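Visitor: Dropping in coords-v1.pdb, which is PDB, C-alpha atoms, pLDDT in the B column:
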```
ATOM      1  CA  MET R  14      82.190   3.823  -9.720  1.00 85.00           C
ATOM      2  CA  ILE R  15      79.492   3.856  -7.027  1.00 89.00           C
ATOM      3  CA  THR R  16      76.304   1.901  -7.698  1.00 93.00           C
ATOM      4  CA  ILE R  17      72.867   2.339  -6.153  1.00 94.00           C
ATOM      5  CA  ASN R  18      73.496  -0.990  -4.413  1.00 94.00           C
ATOM      6  CA  ASP R  19      76.558   0.583  -2.736  1.00 94.00           C
ATOM      7  CA  VAL R  20      74.453   3.576  -1.715  1.00 94.00           C
ATOM      8  CA  LEU R  21      71.778   1.483  -0.016  1.00 95.00           C
ATOM      9  CA  ASN R  22      74.269  -0.912   1.570  1.00 94.00           C
ATOM     10  CA  HIS R  23      76.024   2.139   3.036  1.00 92.00           C
ATOM     11  CA  TYR R  24      72.693   3.203   4.555  1.00 91.00           C
ATOM     12  CA  TRP R  25      72.463  -0.098   6.488  1.00 90.00           C
ATOM     13  CA  ASP R  26      76.179  -0.025   7.386  1.00 89.00           C
ATOM     14  CA  THR R  27      75.667   3.442   8.888  1.00 87.00           C
ATOM     15  CA  VAL R  28      72.370   3.110  10.752  1.00 85.00           C
ATOM     16  CA  GLY R  29      72.481  -0.609  11.588  1.00 79.00           C
ATOM     17  CA  THR R  30      69.606  -3.057  11.422  1.00 68.00           C
ATOM     18  CA  GLU R  31      67.848  -1.242  14.282  1.00 65.00           C
ATOM     19  CA  GLN R  32      68.006   1.995  12.248  1.00 58.00           C
ATOM     20  CA  ASP R  33      69.461   4.101  15.025  1.00 51.00           C
ATOM     21  CA  THR R  34      67.653   7.477  14.986  1.00 51.00           C
ATOM     22  CA  PHE R  35      70.737   9.379  16.173  1.00 49.00           C
ATOM     23  CA  LYS R  36      72.797   7.997  13.277  1.00 49.00           C
ATOM     24  CA  ILE R  37      70.047   8.909  10.804  1.00 52.00           C
ATOM     25  CA  ARG R  38      69.945  12.454  12.154  1.00 51.00           C
ATOM     26  CA  GLY R  39      73.708  12.643  11.629  1.00 55.00           C
ATOM     27  CA  ASP R  40      72.974  12.664   7.887  1.00 57.00           C
ATOM     28  CA  ASN R  41      75.934  10.432   7.006  1.00 75.00           C
ATOM     29  CA  HIS R  42      73.632   7.611   5.945  1.00 82.00           C
ATOM     30  CA  PHE R  43      73.126   9.201   2.513  1.00 89.00           C
ATOM     31  CA  SER R  44      76.639  10.534   1.884  1.00 89.00           C
ATOM     32  CA  LYS R  45      77.127   7.850  -0.790  1.00 93.00           C
ATOM     33  CA  LEU R  46      73.916   9.006  -2.492  1.00 94.00           C
ATOM     34  CA  ASN R  47      75.503  12.440  -2.895  1.00 94.00           C
ATOM     35  CA  ASP R  48      78.522  10.805  -4.544  1.00 94.00           C
ATOM     36  CA  TYR R  49      76.308   8.652  -6.764  1.00 95.00           C
ATOM     37  CA  LEU R  50      74.280  11.618  -8.038  1.00 95.00           C
ATOM     38  CA  ASN R  51      77.404  13.675  -8.678  1.00 94.00           C
ATOM     39  CA  ASP R  52      78.756  10.772 -10.696  1.00 94.00           C
ATOM     40  CA  LYS R  53      75.598  10.233 -12.770  1.00 95.00           C
ATOM     41  CA  ILE R  54      74.363  13.780 -13.347  1.00 94.00           C
ATOM     42  CA  HIS R  55      76.107  15.995 -15.892  1.00 91.00           C
ATOM     43  CA  ALA R  56      76.411  18.961 -13.545  1.00 92.00           C
ATOM     44  CA  LYS R  57      78.149  19.754 -10.255  1.00 93.00           C
ATOM     45  CA  GLY R  58      75.994  19.034  -7.218  1.00 95.00           C
ATOM     46  CA  ILE R  59      76.373  20.638  -3.790  1.00 96.00           C
ATOM     47  CA  PRO R  60      75.192  18.588  -0.788  1.00 95.00           C
ATOM     48  CA  GLU R  61      73.213  20.311   1.971  1.00 94.00           C
ATOM     49  CA  SER R  62      72.877  23.529   0.003  1.00 95.00           C
ATOM     50  CA  PHE R  63      70.638  26.412   1.056  1.00 97.00           C
ATOM     51  CA  ILE R  64      68.288  27.971  -1.494  1.00 97.00           C
ATOM     52  CA  SER R  65      66.321  31.158  -0.871  1.00 97.00           C
ATOM     53  CA  CYS R  66      62.559  30.753  -0.525  1.00 96.00           C
ATOM     54  CA  ALA R  67      59.388  32.803  -0.771  1.00 97.00           C
ATOM     55  CA  TYR R  68      58.067  32.310   2.770  1.00 96.00           C
ATOM     56  CA  ARG R  69      61.091  31.210   4.757  1.00 94.00           C
ATOM     57  CA  ASN R  70      64.416  32.945   4.394  1.00 94.00           C
ATOM     58  CA  ARG R  71      66.024  29.786   2.991  1.00 96.00           C
ATOM     59  CA  LYS R  72      65.813  26.004   3.039  1.00 96.00           C
ATOM     60  CA  SER R  73      68.523  23.358   2.868  1.00 96.00           C
ATOM     61  CA  TRP R  74      68.154  20.757   0.103  1.00 97.00           C
ATOM     62  CA  ASP R  75      69.997  17.445   0.273  1.00 96.00           C
ATOM     63  CA  MET R  76      71.502  17.975  -3.190  1.00 96.00           C
ATOM     64  CA  HIS R  77      71.519  21.149  -5.242  1.00 97.00           C
ATOM     65  CA  PHE R  78      72.656  21.531  -8.831  1.00 96.00           C
ATOM     66  CA  PRO R  79      72.703  25.345  -9.106  1.00 95.00           C
ATOM     67  CA  ASP R  80      73.997  25.462 -12.693  1.00 93.00           C
ATOM     68  CA  ILE R  81      70.896  23.635 -13.955  1.00 94.00           C
ATOM     69  CA  ASN R  82      68.371  24.838 -11.315  1.00 95.00           C
ATOM     70  CA  VAL R  83      67.694  21.399  -9.840  1.00 96.00           C
ATOM     71  CA  ALA R  84      67.245  20.553  -6.146  1.00 97.00           C
ATOM     72  CA  ILE R  85      66.678  17.109  -4.647  1.00 98.00           C
ATOM     73  CA  GLU R  86      65.373  15.999  -1.269  1.00 97.00           C
ATOM     74  CA  TYR R  87      65.975  12.530   0.246  1.00 94.00           C
ATOM     75  CA  LYS R  88      63.780  11.023   2.951  1.00 92.00           C
ATOM     76  CA  THR R  89      63.804   7.664   4.694  1.00 91.00           C
ATOM     77  CA  PHE R  90      60.576   5.919   5.645  1.00 92.00           C
ATOM     78  CA  THR R  91      60.987   3.184   8.286  1.00 89.00           C
ATOM     79  CA  ALA R  92      58.471   0.576   9.417  1.00 86.00           C
ATOM     80  CA  LYS R  93      58.323   2.174  12.868  1.00 83.00           C
ATOM     81  CA  GLY R  94      57.435   5.605  11.555  1.00 81.00           C
ATOM     82  CA  ILE R  95      55.762   5.341   8.160  1.00 86.00           C
ATOM     83  CA  ALA R  96      52.163   4.887   9.284  1.00 82.00           C
ATOM     84  CA  GLY R  97      52.282   7.764  11.772  1.00 83.00           C
ATOM     85  CA  ASN R  98      54.690  10.083   9.962  1.00 87.00           C
ATOM     86  CA  LYS R  99      53.699   9.740   6.307  1.00 91.00           C
ATOM     87  CA  ASN R 100      51.401  12.791   6.433  1.00 92.00           C
ATOM     88  CA  ASN R 101      54.134  14.890   8.066  1.00 92.00           C
ATOM     89  CA  ARG R 102      56.607  13.856   5.360  1.00 93.00           C
ATOM     90  CA  ILE R 103      54.078  14.695   2.636  1.00 95.00           C
ATOM     91  CA  GLU R 104      53.287  18.093   4.179  1.00 96.00           C
ATOM     92  CA  GLU R 105      57.000  18.906   4.519  1.00 96.00           C
ATOM     93  CA  ALA R 106      57.655  17.954   0.897  1.00 97.00           C
ATOM     94  CA  LEU R 107      54.703  19.961  -0.392  1.00 97.00           C
ATOM     95  CA  GLY R 108      55.586  22.995   1.726  1.00 97.00           C
ATOM     96  CA  SER R 109      59.220  22.927   0.593  1.00 97.00           C
ATOM     97  CA  SER R 110      58.167  22.746  -3.049  1.00 98.00           C
ATOM     98  CA  ILE R 111      55.674  25.610  -2.820  1.00 98.00           C
ATOM     99  CA  ASP R 112      58.155  27.730  -0.863  1.00 98.00           C
ATOM    100  CA  LEU R 113      60.918  27.285  -3.440  1.00 98.00           C
ATOM    101  CA  LYS R 114      58.876  27.270  -6.659  1.00 98.00           C
ATOM    102  CA  THR R 115      56.970  30.405  -5.665  1.00 97.00           C
ATOM    103  CA  LYS R 116      60.266  32.300  -5.609  1.00 97.00           C
ATOM    104  CA  HIS R 117      62.053  30.249  -8.297  1.00 97.00           C
ATOM    105  CA  PRO R 118      59.399  28.839 -10.685  1.00 96.00           C
ATOM    106  CA  HIS R 119      62.082  27.720 -13.149  1.00 95.00           C
ATOM    107  CA  TYR R 120      63.526  25.219 -10.647  1.00 96.00           C
ATOM    108  CA  LYS R 121      63.075  21.473 -11.140  1.00 96.00           C
ATOM    109  CA  LEU R 122      62.618  19.502  -7.934  1.00 98.00           C
ATOM    110  CA  GLY R 123      63.247  15.837  -7.214  1.00 98.00           C
ATOM    111  CA  PHE R 124      62.300  13.656  -4.262  1.00 98.00           C
ATOM    112  CA  ILE R 125      63.914  10.317  -3.394  1.00 97.00           C
ATOM    113  CA  ALA R 126      61.855   8.209  -0.985  1.00 96.00           C
ATOM    114  CA  VAL R 127      63.813   5.335   0.549  1.00 95.00           C
ATOM    115  CA  PHE R 128      61.476   2.824   2.182  1.00 95.00           C
ATOM    116  CA  ALA R 129      63.872   1.083   4.560  1.00 92.00           C
ATOM    117  CA  PHE R 130      62.175  -1.852   6.225  1.00 90.00           C
ATOM    118  CA  ARG R 131      61.850  -5.612   6.043  1.00 85.00           C
ATOM    119  CA  GLU R 132      58.284  -5.673   7.299  1.00 81.00           C
ATOM    120  CA  ASN R 133      55.479  -6.309   4.836  1.00 82.00           C
ATOM    121  CA  SER R 134      52.461  -5.948   7.107  1.00 87.00           C
ATOM    122  CA  MET R 135      49.298  -4.495   5.582  1.00 90.00           C
ATOM    123  CA  PRO R 136      49.481  -1.099   7.427  1.00 90.00           C
ATOM    124  CA  VAL R 137      53.122  -0.575   6.364  1.00 92.00           C
ATOM    125  CA  VAL R 138      52.528  -1.574   2.729  1.00 92.00           C
ATOM    126  CA  LYS R 139      49.361   0.539   2.561  1.00 94.00           C
ATOM    127  CA  ALA R 140      51.194   3.574   3.978  1.00 94.00           C
ATOM    128  CA  ARG R 141      53.941   3.113   1.367  1.00 95.00           C
ATOM    129  CA  GLU R 142      51.326   2.974  -1.405  1.00 96.00           C
ATOM    130  CA  ILE R 143      49.726   6.178  -0.117  1.00 96.00           C
ATOM    131  CA  VAL R 144      53.082   8.008  -0.188  1.00 96.00           C
ATOM    132  CA  ILE R 145      53.741   6.890  -3.776  1.00 97.00           C
ATOM    133  CA  GLU R 146      50.202   7.838  -4.895  1.00 97.00           C
ATOM    134  CA  VAL R 147      50.482  11.298  -3.309  1.00 97.00           C
ATOM    135  CA  PHE R 148      53.842  11.967  -4.960  1.00 97.00           C
ATOM    136  CA  ASP R 149      52.386  10.859  -8.272  1.00 98.00           C
ATOM    137  CA  ARG R 150      49.736  13.566  -7.853  1.00 98.00           C
ATOM    138  CA  MET R 151      52.344  16.124  -6.799  1.00 98.00           C
ATOM    139  CA  ILE R 152      54.256  15.382 -10.007  1.00 97.00           C
ATOM    140  CA  SER R 153      51.049  15.781 -12.045  1.00 97.00           C
ATOM    141  CA  ASP R 154      50.288  19.081 -10.296  1.00 97.00           C
ATOM    142  CA  GLY R 155      53.799  20.423 -10.939  1.00 97.00           C
ATOM    143  CA  HIS R 156      54.992  20.555  -7.335  1.00 97.00           C
ATOM    144  CA  TYR R 157      57.760  18.053  -8.099  1.00 98.00           C
ATOM    145  CA  ASP R 158      59.345  17.106 -11.400  1.00 97.00           C
ATOM    146  CA  MET R 159      61.161  13.860 -10.536  1.00 97.00           C
ATOM    147  CA  PHE R 160      60.323  11.131  -8.030  1.00 98.00           C
ATOM    148  CA  LEU R 161      62.141   7.944  -7.085  1.00 98.00           C
ATOM    149  CA  PRO R 162      60.656   5.429  -4.622  1.00 97.00           C
ATOM    150  CA  ILE R 163      63.065   2.641  -3.634  1.00 97.00           C
ATOM    151  CA  GLN R 164      62.597  -0.265  -1.230  1.00 96.00           C
ATOM    152  CA  THR R 165      65.556  -1.563   0.762  1.00 94.00           C
ATOM    153  CA  MET R 166      65.180  -4.509   3.102  1.00 93.00           C
ATOM    154  CA  GLY R 167      68.824  -4.936   4.146  1.00 92.00           C
ATOM    155  CA  ILE R 168      72.285  -5.437   2.681  1.00 94.00           C
ATOM    156  CA  ASN R 169      72.083  -6.366  -1.028  1.00 96.00           C
ATOM    157  CA  ASN R 170      68.280  -6.514  -0.849  1.00 95.00           C
ATOM    158  CA  HIS R 171      66.930  -3.486  -2.724  1.00 95.00           C
ATOM    159  CA  PHE R 172      64.411  -2.958  -5.495  1.00 95.00           C
ATOM    160  CA  GLU R 173      62.552  -0.242  -7.352  1.00 96.00           C
ATOM    161  CA  LEU R 174      58.874   0.249  -6.565  1.00 95.00           C
ATOM    162  CA  SER R 175      57.695   1.895  -9.769  1.00 95.00           C
ATOM    163  CA  GLU R 176      58.431   1.410 -13.430  1.00 94.00           C
ATOM    164  CA  LYS R 177      57.135   4.925 -14.095  1.00 95.00           C
ATOM    165  CA  TYR R 178      59.420   6.434 -11.453  1.00 96.00           C
ATOM    166  CA  SER R 179      62.536   4.325 -11.957  1.00 96.00           C
ATOM    167  CA  LEU R 180      66.113   5.275 -11.091  1.00 96.00           C
ATOM    168  CA  ASP R 181      66.952   5.441 -14.790  1.00 95.00           C
ATOM    169  CA  THR R 182      64.036   7.806 -15.466  1.00 95.00           C
ATOM    170  CA  PHE R 183      65.015   9.992 -12.508  1.00 96.00           C
ATOM    171  CA  ILE R 184      68.611  10.411 -13.726  1.00 95.00           C
ATOM    172  CA  LYS R 185      67.604  10.876 -17.375  1.00 94.00           C
ATOM    173  CA  SER R 186      65.089  13.586 -16.418  1.00 93.00           C
ATOM    174  CA  ILE R 187      67.775  15.582 -14.638  1.00 93.00           C
ATOM    175  CA  ASN R 188      70.298  15.110 -17.418  1.00 92.00           C
ATOM    176  CA  TYR R 189      67.640  16.161 -19.940  1.00 84.00           C
ATOM    177  CA  ASN R 190      67.268  19.351 -17.907  1.00 69.00           C
ATOM    178  CA  THR R 191      71.057  19.775 -18.147  1.00 68.00           C
ATOM    179  CA  GLN R 192      70.931  19.444 -21.942  1.00 68.00           C
ATOM    180  CA  GLN R 193      68.057  21.938 -22.157  1.00 68.00           C
ATOM    181  CA  LYS R 194      69.938  24.431 -19.987  1.00 65.00           C
ATOM    182  CA  ASN R 195      73.178  23.977 -21.924  1.00 63.00           C
ATOM    183  CA  GLY R 196      71.306  24.226 -25.222  1.00 59.00           C
ATOM    184  CA  SER R 197      69.715  27.535 -24.267  1.00 51.00           C
ATOM    185  CA  LEU R 198      73.083  28.873 -23.079  1.00 44.00           C
ATOM    186  CA  SER R 199      74.648  27.804 -26.356  1.00 43.00           C
ATOM    187  CA  MET R 200      71.849  29.508 -28.295  1.00 39.00           C
ATOM    188  CA  LYS R 201      72.313  32.742 -26.311  1.00 40.00           C
ATOM    189  CA  SER R 202      76.038  32.579 -26.974  1.00 40.00           C
ATOM    190  CA  ASN R 203      75.455  32.121 -30.713  1.00 41.00           C
ATOM    191  CA  LEU R 204      72.976  35.004 -30.804  1.00 38.00           C
ATOM    192  CA  ASN R 205      75.367  37.266 -28.909  1.00 42.00           C
ATOM    193  CA  SER R 206      78.157  36.569 -31.385  1.00 37.00           C
ATOM    194  CA  PHE R 207      75.686  37.091 -34.246  1.00 34.00           C
ATOM    195  CA  PHE R 208      74.728  40.565 -33.022  1.00 34.00           C
ATOM    196  CA  VAL R 209      78.256  41.731 -32.138  1.00 36.00           C
TER     197      VAL R 209
END
```
Just dump the structure as structure tokens.
Guide:
Amino acid sequence: MITINDVLNHYWDTVGTEQDTFKIRGDNHFSKLNDYLNDKIHAKGIPESFISCAYRNRKSWDMHFPDINVAIEYKTFTAKGIAGNKNNRIEEALGSSIDLKTKHPHYKLGFIAVFAFRENSMPVVKAREIVIEVFDRMISDGHYDMFLPIQTMGINNHFELSEKYSLDTFIKSINYNTQQKNGSLSMKSNLNSFFV
């Protein structure tokens, strides 16, 4: 069984300590995260799955659980890029949510932010705090339904950044959605047999 420790160690094994941009763009650095979510969530997930949108024709989500109407995006924030790119990441996340939820308002969306750096300088830590605060507001405003911020500083050196947005809460929220979906399907099935 894959653990979150395995997932984050695989990230460093793939991209290296210098966090090679080419390797990150190859998208293999989170392949273990796909496996982990498929193991933990009570529905079948499809990696790199396209979903139709309101303003763009479609958008690829890192993990899609079509049977329960859940889509999840993963993003890495590195020390080199977080201060300059945090606003771009936030705008992308907000735009993707609005685009999908306008067409599919019943969808539940999750965002996993992996802060992958050893540095603890004030600008980097402040930028990380801003990202977490903004996602907290996006959850409150209904743009996202689940959020998971994780810090990884190297092999076997990972920790959660929020008690409110813990890994356990993230998984339980999705599985709760699965139970709700299955419950409503079961109810429809019972009603159909009642009226036959």
Visitor: Find the nearest atom pair between each residue of range 135-197 of chain R and range 108-120 of chain R for residues within 10 Å, count only C-alpha atoms, give distances in Å to one decimal, sort rows by chain and ascending number, and present the table as CSV.
Guide:
```
residue,atom,partner,partner_atom,distance
R:Met151,CA,R:Ser110,CA,9.6
R:Gly155,CA,R:Ser110,CA,9.3
R:His156,CA,R:Ser110,CA,5.8
R:Tyr157,CA,R:Ser110,CA,6.9
R:Asp158,CA,R:Tyr120,CA,9.2
```
Visitor: Between CA of Ala92 in chain R and CA of Thr165 in chain R, what is the distance in Å, rounded to a tenth?
Guide: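 Answer for the CA of Ala92 in chain R to CA of Thr165 in chain R separation: 11.4 Å.
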Visitor: So the first atom is CA of Ile85 in chain R and the second is CA of Leu122 in chain R; what is the distance between them in Å, to one decimal place?
Guide: 5.7 Å
Visitor: Residues within 10 Å of Ala129 in chain R, please, as a ChimeraX atom specification. Count only C-alpha atoms; anything in the same chain fewer than 5 positions from it doesn't count.
Guide: /R:21,24-25,30,32,89-92,95,163-167,171
Visitor: For the PyMOL selection byres ((chain R and resi 180) around 10), applied here, can you spell out every residue it catches as a PyMOL selection string?
Guide: chain R and resi 17+125+159-163+173-179+181-186
Visitor: Excluding same-chain residues fewer than 5 positions from Ile143 in chain R, what lies within 12 Å of it counting only C-alpha atoms, as JSON, numbers by chain?
Guide: {"R": [95, 96, 98, 99, 100, 102, 103, 136, 137, 138, 148, 149, 150, 162]}
Visitor: Compare R:Ala56, R:Val147, R:Val127, R:Ile168 by their minimum atom-to-atom distance to Asp80 in chain R, counting only C-alpha atoms, and give me the closest one.
Guide: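 Of all the options, R:Ala56 lies closest to Asp80 in chain R.
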Visitor: Restricting the calculation to all atoms listed in the file: of R:Leu50, R:Ala84, R:Ile145, R:Ala140, which residue gets closest to Ser65 in chain R?
Guide: R:Ala84
Visitor: If you measure from CA of Tyr189 in chain R to CA of Pro60 in chain R, what distance in Å do you get, rounded to one decimal?
Guide: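 Going from CA of Tyr189 in chain R over to CA of Pro60 in chain R, I get 20.7 Å.
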Visitor: Write out N, CA and C atoms for range 127-152 of chain R, as a PDB file, in the frame of the given file.
Guide:
```pdb
ATOM      1  N   VAL R 127      63.200   6.633   0.264  1.00 95.00           N
ATOM      2  CA  VAL R 127      63.813   5.335   0.549  1.00 95.00           C
ATOM      3  C   VAL R 127      62.983   4.654   1.636  1.00 95.00           C
ATOM      4  N   PHE R 128      62.283   3.601   1.244  1.00 95.00           N
ATOM      5  CA  PHE R 128      61.476   2.824   2.182  1.00 95.00           C
ATOM      6  C   PHE R 128      62.382   1.737   2.744  1.00 95.00           C
ATOM      7  N   ALA R 129      62.843   1.943   3.970  1.00 92.00           N
ATOM      8  CA  ALA R 129      63.872   1.083   4.560  1.00 92.00           C
ATOM      9  C   ALA R 129      63.265   0.215   5.657  1.00 92.00           C
ATOM     10  N   PHE R 130      62.727  -0.912   5.251  1.00 90.00           N
ATOM     11  CA  PHE R 130      62.175  -1.852   6.225  1.00 90.00           C
ATOM     12  C   PHE R 130      62.005  -3.227   5.601  1.00 90.00           C
ATOM     13  N   ARG R 131      62.045  -4.225   6.471  1.00 85.00           N
ATOM     14  CA  ARG R 131      61.850  -5.612   6.043  1.00 85.00           C
ATOM     15  C   ARG R 131      60.393  -6.024   6.159  1.00 85.00           C
ATOM     16  N   GLU R 132      59.668  -5.304   6.982  1.00 81.00           N
ATOM     17  CA  GLU R 132      58.284  -5.673   7.299  1.00 81.00           C
ATOM     18  C   GLU R 132      57.367  -5.491   6.095  1.00 81.00           C
ATOM     19  N   ASN R 133      56.446  -6.405   5.921  1.00 82.00           N
ATOM     20  CA  ASN R 133      55.479  -6.309   4.836  1.00 82.00           C
ATOM     21  C   ASN R 133      54.056  -6.426   5.356  1.00 82.00           C
ATOM     22  N   SER R 134      53.810  -5.901   6.552  1.00 87.00           N
ATOM     23  CA  SER R 134      52.461  -5.948   7.107  1.00 87.00           C
ATOM     24  C   SER R 134      51.549  -5.023   6.304  1.00 87.00           C
ATOM     25  N   MET R 135      50.263  -5.278   6.361  1.00 90.00           N
ATOM     26  CA  MET R 135      49.298  -4.495   5.582  1.00 90.00           C
ATOM     27  C   MET R 135      49.367  -2.997   5.879  1.00 90.00           C
ATOM     28  N   PRO R 136      49.417  -2.552   7.166  1.00 90.00           N
ATOM     29  CA  PRO R 136      49.481  -1.099   7.427  1.00 90.00           C
ATOM     30  C   PRO R 136      50.720  -0.436   6.824  1.00 90.00           C
ATOM     31  N   VAL R 137      51.869  -1.134   6.883  1.00 92.00           N
ATOM     32  CA  VAL R 137      53.122  -0.575   6.364  1.00 92.00           C
ATOM     33  C   VAL R 137      53.074  -0.483   4.843  1.00 92.00           C
ATOM     34  N   VAL R 138      52.617  -1.560   4.195  1.00 92.00           N
ATOM     35  CA  VAL R 138      52.528  -1.574   2.729  1.00 92.00           C
ATOM     36  C   VAL R 138      51.520  -0.545   2.242  1.00 92.00           C
ATOM     37  N   LYS R 139      50.393  -0.439   2.937  1.00 94.00           N
ATOM     38  CA  LYS R 139      49.361   0.539   2.561  1.00 94.00           C
ATOM     39  C   LYS R 139      49.891   1.969   2.688  1.00 94.00           C
ATOM     40  N   ALA R 140      50.617   2.238   3.776  1.00 94.00           N
ATOM     41  CA  ALA R 140      51.194   3.574   3.978  1.00 94.00           C
ATOM     42  C   ALA R 140      52.186   3.902   2.865  1.00 94.00           C
ATOM     43  N   ARG R 141      52.982   2.909   2.471  1.00 95.00           N
ATOM     44  CA  ARG R 141      53.941   3.113   1.367  1.00 95.00           C
ATOM     45  C   ARG R 141      53.201   3.442   0.077  1.00 95.00           C
ATOM     46  N   GLU R 142      52.124   2.716  -0.196  1.00 96.00           N
ATOM     47  CA  GLU R 142      51.326   2.974  -1.405  1.00 96.00           C
ATOM     48  C   GLU R 142      50.741   4.379  -1.399  1.00 96.00           C
ATOM     49  N   ILE R 143      50.297   4.827  -0.235  1.00 96.00           N
ATOM     50  CA  ILE R 143      49.726   6.178  -0.117  1.00 96.00           C
ATOM     51  C   ILE R 143      50.784   7.228  -0.454  1.00 96.00           C
ATOM     52  N   VAL R 144      51.993   7.051   0.089  1.00 96.00           N
ATOM     53  CA  VAL R 144      53.082   8.008  -0.188  1.00 96.00           C
ATOM     54  C   VAL R 144      53.357   8.078  -1.687  1.00 96.00           C
ATOM     55  N   ILE R 145      53.453   6.925  -2.332  1.00 97.00           N
ATOM     56  CA  ILE R 145      53.741   6.890  -3.776  1.00 97.00           C
ATOM     57  C   ILE R 145      52.597   7.529  -4.569  1.00 97.00           C
ATOM     58  N   GLU R 146      51.358   7.246  -4.199  1.00 97.00           N
ATOM     59  CA  GLU R 146      50.202   7.838  -4.895  1.00 97.00           C
ATOM     60  C   GLU R 146      50.181   9.356  -4.750  1.00 97.00           C
ATOM     61  N   VAL R 147      50.489   9.843  -3.542  1.00 97.00           N
ATOM     62  CA  VAL R 147      50.482  11.298  -3.309  1.00 97.00           C
ATOM     63  C   VAL R 147      51.578  11.972  -4.123  1.00 97.00           C
ATOM     64  N   PHE R 148      52.759  11.367  -4.172  1.00 97.00           N
ATOM     65  CA  PHE R 148      53.842  11.967  -4.960  1.00 97.00           C
ATOM     66  C   PHE R 148      53.525  11.923  -6.451  1.00 97.00           C
ATOM     67  N   ASP R 149      52.824  10.910  -6.880  1.00 98.00           N
ATOM     68  CA  ASP R 149      52.386  10.859  -8.272  1.00 98.00           C
ATOM     69  C   ASP R 149      51.493  12.058  -8.581  1.00 98.00           C
ATOM     70  N   ARG R 150      50.607  12.394  -7.660  1.00 98.00           N
ATOM     71  CA  ARG R 150      49.736  13.566  -7.853  1.00 98.00           C
ATOM     72  C   ARG R 150      50.536  14.871  -7.786  1.00 98.00           C
ATOM     73  N   MET R 151      51.522  14.906  -6.898  1.00 98.00           N
ATOM     74  CA  MET R 151      52.344  16.124  -6.799  1.00 98.00           C
ATOM     75  C   MET R 151      53.152  16.344  -8.069  1.00 98.00           C
ATOM     76  N   ILE R 152      53.582  15.263  -8.703  1.00 97.00           N
ATOM     77  CA  ILE R 152      54.256  15.382 -10.007  1.00 97.00           C
ATOM     78  C   ILE R 152      53.269  15.919 -11.039  1.00 97.00           C
TER      79      ILE R 152
END
```
